[in-house]
Amino acid sequence: MEKKHVLDNDDELLERRTGWDGQHLVNYEGFWFPEMFLPSIRSSRNNFVAKNTDIILATVPKSGTTWLKALTFSVANRGIYAVDQSPLLKSNPHKLVPFIQEYIGDEHDKLLPMENVSDPRILSSHVPFVMLPYSVAKSECKIIYLCRNPLDQFISLHHFFASNKIEKEAVPLGFEESFDMFCQGIIGFGPFWEHMIGYWNAHLENPKKVLFLKYEDLKEDIVLNVKKIAEFMGCPFSEEEVGKGVVEEISKLCSFGNLKNLEVNKNGYVMDGVLKNNTFFRKGEVGDWANYLSSEMAERMKKLMEIKFEGSGLTF
Ligand code: A3P
């Protein structure tokens with residue numbers, strides 16, 4: 001992909017690697033970022049002004065961001081749109097809930113107008129907790145974090161990169177070498193364990209500010225989790241809504257099977273025409289890694305998780 005951004009002179013000293021799909025990665029404050037996004041991430045860190053009513057969705061890529069966007073959008077707007085009139089039927093969830101950097105970037109970005117976003121603003125980010133805009137910590141805004149078993153996240157990423165070819169000319173690394181890089185934490189927004197632990201600790205410190213969710217739990221009981229999300233967002237379902245089946249309706253609207261089969265998600269692109277809409281809906285299953293990884297690879301990852309999450313209380 002063409003590099004749109006220019007980093008500062010001091011940034012020449014930052015460590016750089018080529019990711020397994022050919023993307024240029026740069027290490028900043030201990031995390032790896034796609035180089036093309038770093039200027040806008042830093043700019044939004046300094047310039048985004050959070051409102052107390054904002055809801056920030058945070059994820060590592062391929063842990064269910066699209067699903068979380070659809071769910072929170074539907075929960076927040078359920079008084080405005082009936083389910084059969086939902087904008088989700090005509091727009092990809094990433095169009096309805098853009099990333100913070102799509103509003104507040106650097107001078108090279110083509111930005112979306114923030115003033116058109118009505119309250120409560122739902123915004124999203126892949127950045128680690130420590131890289132969120134400074135104003136997020138100072139405001140009463142809330143953060144919903146969603147993560148996923150890294151084995152499934154890796155498999156999902158592998159397919160996503162292969163289908164989108166973000167760096168058109170690059171020859172991607174083989175499967176085992178890619179897995180090795182992932183286990184070393186060299187992946188955009190990684191290392192994944194630092195990402196998860198950052199939000200996990202923030203959640204333990206202030207559970208009213210940070211809701212911590214797992215993809216696997218949403219798959220197991222979506223109705224319970226939609227209620228949890230609504231409560232956390234400050235708009236719990238009334239008894240009447242529950243009685244009418246609104247929670248189930250929203251869960252069904254946002255389900256993998258429903259979104260994947262919508263015309264809008266079968267065609268078209270998001271992010272300036274770089275990413276295909278349909279690549280955000282692949283299989284939507286828990287445990288798909290078992291179809292791809294050898295037992296040695298899975299064992300390596302399980303050991304890595306044991307070491308990295310030891311004492312944190314975080315398990316998968
Ligand atoms: P798979 O590749 O395992 O199928 P993200 O949204 O963070 O990019 O994550 C994409 C992953 O979430 C993909 O996983 C995708 O299929 C899955 N996904 C997308 N929409 C979903 C939904 N409504 N329900 C469950 N999983 C969904």
# chains A, B, ... in the order shown; residues from 1 in each chain; ligands from 1
call {"tool": "select_by_dssp", "arguments": {"residues": "stretch 24-246 of chain A", "states": "strand (DSSP E or B)", "output": "PyMOL selection string"}}
result
chain A and resi 24-28+31-34+55-59+99+122-125+142-147+210-214
call {"tool": "residues_near_ligand", "arguments": {"ligand": "ligand 1", "cutoff": "10 Å", "atoms": "only C-alpha atoms and all ligand atoms", "output": "number ranges by chain"}}
result
A: 58-71, 93-94, 126, 146-148, 151-160, 215-216, 218-219, 222, 251-260, 278-289
call {"tool": "atom_distance", "arguments": {"atom1": "atom CA of A:Ser135", "atom2": "atom CA of A:Arg45"}}
result
7.9 Å
call {"tool": "closest_residue", "arguments": {"among": "A:Val75, A:Leu38, A:Lys110, A:Lys302", "to": "A:Lys227", "atoms": "only C-alpha atoms"}}
result
A:Val75
call {"tool": "closest_residue", "arguments": {"among": "A:Gln23, A:Ser312, A:Asn265, A:Ser44", "to": "A:Gly198", "atoms": "only C-alpha atoms"}}
result
A:Ser312
call {"tool": "select_by_dssp", "arguments": {"residues": "stretch 202-292 of chain A", "states": "helix (DSSP H, G or I)", "output": "NGL selection string"}}
result
:A and (202-205 or 215-220 or 222-233 or 239-244 or 246-253 or 256-260 or 263-266 or 277-280 or 288-291)
call {"tool": "write_last_selection", "arguments": {"atoms": "C-alpha atoms", "output": "tab-separated table (two decimals), in the first residue's frame"}}
result
chain	number	residue	atom	x	y	z
A	202	ALA	CA	-7.44	-1.13	33.52
A	203	HIS	CA	-10.68	-3.12	33.88
A	204	LEU	CA	-9.61	-4.52	37.28
A	205	GLU	CA	-8.68	-1.03	38.43
A	215	TYR	CA	-15.26	-13.29	21.82
A	216	GLU	CA	-15.77	-16.83	23.11
A	217	ASP	CA	-18.17	-15.63	25.83
A	218	LEU	CA	-20.20	-13.68	23.28
A	219	LYS	CA	-20.45	-16.79	21.13
A	220	GLU	CA	-21.56	-18.81	24.13
A	222	ILE	CA	-24.93	-13.45	23.18
A	223	VAL	CA	-28.21	-12.45	24.87
A	224	LEU	CA	-26.58	-12.24	28.29
A	225	ASN	CA	-23.68	-10.25	26.84
A	226	VAL	CA	-25.88	-7.82	24.90
A	227	LYS	CA	-27.66	-7.06	28.18
A	228	LYS	CA	-24.30	-6.60	29.89
A	229	ILE	CA	-23.14	-4.24	27.13
A	230	ALA	CA	-26.34	-2.16	27.32
A	231	GLU	CA	-26.09	-1.88	31.09
A	232	PHE	CA	-22.45	-0.83	30.88
A	233	MET	CA	-23.27	1.75	28.20
A	239	GLU	CA	-38.49	-5.11	31.33
A	240	GLU	CA	-40.85	-4.23	28.51
A	241	GLU	CA	-38.06	-4.46	25.93
A	242	VAL	CA	-36.88	-7.76	27.36
A	243	GLY	CA	-40.47	-9.05	27.27
A	244	LYS	CA	-40.83	-8.00	23.63
A	246	VAL	CA	-35.65	-6.77	21.68
A	247	VAL	CA	-32.40	-8.29	23.02
A	248	GLU	CA	-32.86	-11.39	20.87
A	249	GLU	CA	-33.76	-9.24	17.85
A	250	ILE	CA	-30.56	-7.21	18.17
A	251	SER	CA	-28.49	-10.36	18.71
A	252	LYS	CA	-29.97	-11.86	15.54
A	253	LEU	CA	-29.52	-8.71	13.49
A	256	PHE	CA	-22.50	-13.63	11.83
A	257	GLY	CA	-24.96	-15.41	9.53
A	258	ASN	CA	-27.13	-12.35	9.11
A	259	LEU	CA	-24.38	-9.76	8.56
A	260	LYS	CA	-22.31	-11.98	6.28
A	263	GLU	CA	-25.55	-7.54	0.09
A	264	VAL	CA	-23.63	-4.58	1.54
A	265	ASN	CA	-21.16	-6.90	3.27
A	266	LYS	CA	-20.68	-9.17	0.27
A	277	ASN	CA	-16.08	-5.81	3.22
A	278	ASN	CA	-16.50	-9.55	2.83
A	279	THR	CA	-13.12	-10.26	4.45
A	280	PHE	CA	-14.53	-9.13	7.79
A	288	ASP	CA	-10.98	-22.94	14.02
A	289	TRP	CA	-7.23	-22.91	14.81
A	290	ALA	CA	-7.40	-26.68	15.28
A	291	ASN	CA	-7.91	-27.01	11.49
call {"tool": "residues_around", "arguments": {"residues": "A:Pro128", "least_positions_apart": "5", "cutoff": "8 Å", "atoms": "only C-alpha atoms", "output": "PyMOL selection string"}}
result
chain A and resi 31+189+194-195+198-199
call {"tool": "write_last_selection", "arguments": {"atoms": "all heavy atoms", "output": "PDB file, in the first residue's frame"}}
result
ATOM      1  N   PHE A  31       5.257  -1.176  21.487  1.00  0.00           N
ATOM      2  CA  PHE A  31       4.253  -1.848  20.658  1.00  0.00           C
ATOM      3  C   PHE A  31       4.599  -1.683  19.181  1.00  0.00           C
ATOM      4  O   PHE A  31       5.194  -0.680  18.786  1.00  0.00           O
ATOM      5  CB  PHE A  31       2.859  -1.263  20.912  1.00  0.00           C
ATOM      6  CG  PHE A  31       2.271  -1.683  22.240  1.00  0.00           C
ATOM      7  CD1 PHE A  31       2.505  -0.927  23.384  1.00  0.00           C
ATOM      8  CD2 PHE A  31       1.508  -2.836  22.349  1.00  0.00           C
ATOM      9  CE1 PHE A  31       1.979  -1.329  24.615  1.00  0.00           C
ATOM     10  CE2 PHE A  31       0.985  -3.239  23.559  1.00  0.00           C
ATOM     11  CZ  PHE A  31       1.214  -2.483  24.698  1.00  0.00           C
ATOM     12  N   PHE A 189      -0.119  -3.639  16.342  1.00  0.00           N
ATOM     13  CA  PHE A 189      -0.797  -3.434  17.626  1.00  0.00           C
ATOM     14  C   PHE A 189      -0.395  -4.472  18.677  1.00  0.00           C
ATOM     15  O   PHE A 189      -0.978  -4.534  19.747  1.00  0.00           O
ATOM     16  CB  PHE A 189      -2.332  -3.365  17.470  1.00  0.00           C
ATOM     17  CG  PHE A 189      -2.751  -2.363  16.432  1.00  0.00           C
ATOM     18  CD1 PHE A 189      -3.067  -2.755  15.135  1.00  0.00           C
ATOM     19  CD2 PHE A 189      -2.768  -1.013  16.734  1.00  0.00           C
ATOM     20  CE1 PHE A 189      -3.397  -1.828  14.156  1.00  0.00           C
ATOM     21  CE2 PHE A 189      -3.104  -0.068  15.767  1.00  0.00           C
ATOM     22  CZ  PHE A 189      -3.420  -0.484  14.475  1.00  0.00           C
ATOM     23  N   GLU A 194       0.546  -8.025  25.701  1.00  0.00           N
ATOM     24  CA  GLU A 194       0.663  -6.707  26.349  1.00  0.00           C
ATOM     25  C   GLU A 194      -0.638  -5.925  26.137  1.00  0.00           C
ATOM     26  O   GLU A 194      -1.096  -5.205  27.021  1.00  0.00           O
ATOM     27  CB  GLU A 194       1.815  -5.893  25.731  1.00  0.00           C
ATOM     28  CG  GLU A 194       3.185  -6.483  25.897  1.00  0.00           C
ATOM     29  CD  GLU A 194       3.781  -6.234  27.272  1.00  0.00           C
ATOM     30  OE1 GLU A 194       3.115  -5.615  28.107  1.00  0.00           O
ATOM     31  OE2 GLU A 194       4.920  -6.706  27.491  1.00  0.00           O
ATOM     32  N   HIS A 195      -1.204  -6.053  24.937  1.00  0.00           N
ATOM     33  CA  HIS A 195      -2.452  -5.367  24.604  1.00  0.00           C
ATOM     34  C   HIS A 195      -3.548  -5.822  25.571  1.00  0.00           C
ATOM     35  O   HIS A 195      -4.234  -5.017  26.207  1.00  0.00           O
ATOM     36  CB  HIS A 195      -2.816  -5.710  23.161  1.00  0.00           C
ATOM     37  CG  HIS A 195      -3.717  -4.737  22.472  1.00  0.00           C
ATOM     38  ND1 HIS A 195      -5.063  -4.651  22.761  1.00  0.00           N
ATOM     39  CD2 HIS A 195      -3.488  -3.809  21.510  1.00  0.00           C
ATOM     40  CE1 HIS A 195      -5.609  -3.713  21.987  1.00  0.00           C
ATOM     41  NE2 HIS A 195      -4.669  -3.180  21.224  1.00  0.00           N
ATOM     42  N   GLY A 198      -2.925  -4.881  29.302  1.00  0.00           N
ATOM     43  CA  GLY A 198      -3.132  -3.446  29.539  1.00  0.00           C
ATOM     44  C   GLY A 198      -4.596  -3.139  29.830  1.00  0.00           C
ATOM     45  O   GLY A 198      -4.932  -2.447  30.807  1.00  0.00           O
ATOM     46  N   TYR A 199      -5.481  -3.659  28.986  1.00  0.00           N
ATOM     47  CA  TYR A 199      -6.925  -3.398  29.191  1.00  0.00           C
ATOM     48  C   TYR A 199      -7.467  -4.204  30.363  1.00  0.00           C
ATOM     49  O   TYR A 199      -8.367  -3.750  31.074  1.00  0.00           O
ATOM     50  CB  TYR A 199      -7.705  -3.719  27.902  1.00  0.00           C
ATOM     51  CG  TYR A 199      -7.562  -2.627  26.863  1.00  0.00           C
ATOM     52  CD1 TYR A 199      -6.629  -2.728  25.845  1.00  0.00           C
ATOM     53  CD2 TYR A 199      -8.347  -1.470  26.919  1.00  0.00           C
ATOM     54  CE1 TYR A 199      -6.485  -1.724  24.886  1.00  0.00           C
ATOM     55  CE2 TYR A 199      -8.214  -0.463  25.966  1.00  0.00           C
ATOM     56  CZ  TYR A 199      -7.280  -0.603  24.955  1.00  0.00           C
ATOM     57  OH  TYR A 199      -7.143   0.407  24.020  1.00  0.00           O
TER      58      TYR A 199
END
call {"tool": "closest_residue", "arguments": {"among": "A:Glu310, A:Asp221, A:Glu140, A:Glu176", "to": "A:Ile56", "atoms": "only C-alpha atoms"}}
result
A:Glu140
call {"tool": "closest_residue", "arguments": {"among": "A:Leu88, A:Asp109, A:Phe237, A:Asn164", "to": "A:Gly273", "atoms": "only C-alpha atoms"}}
result
A:Asn164
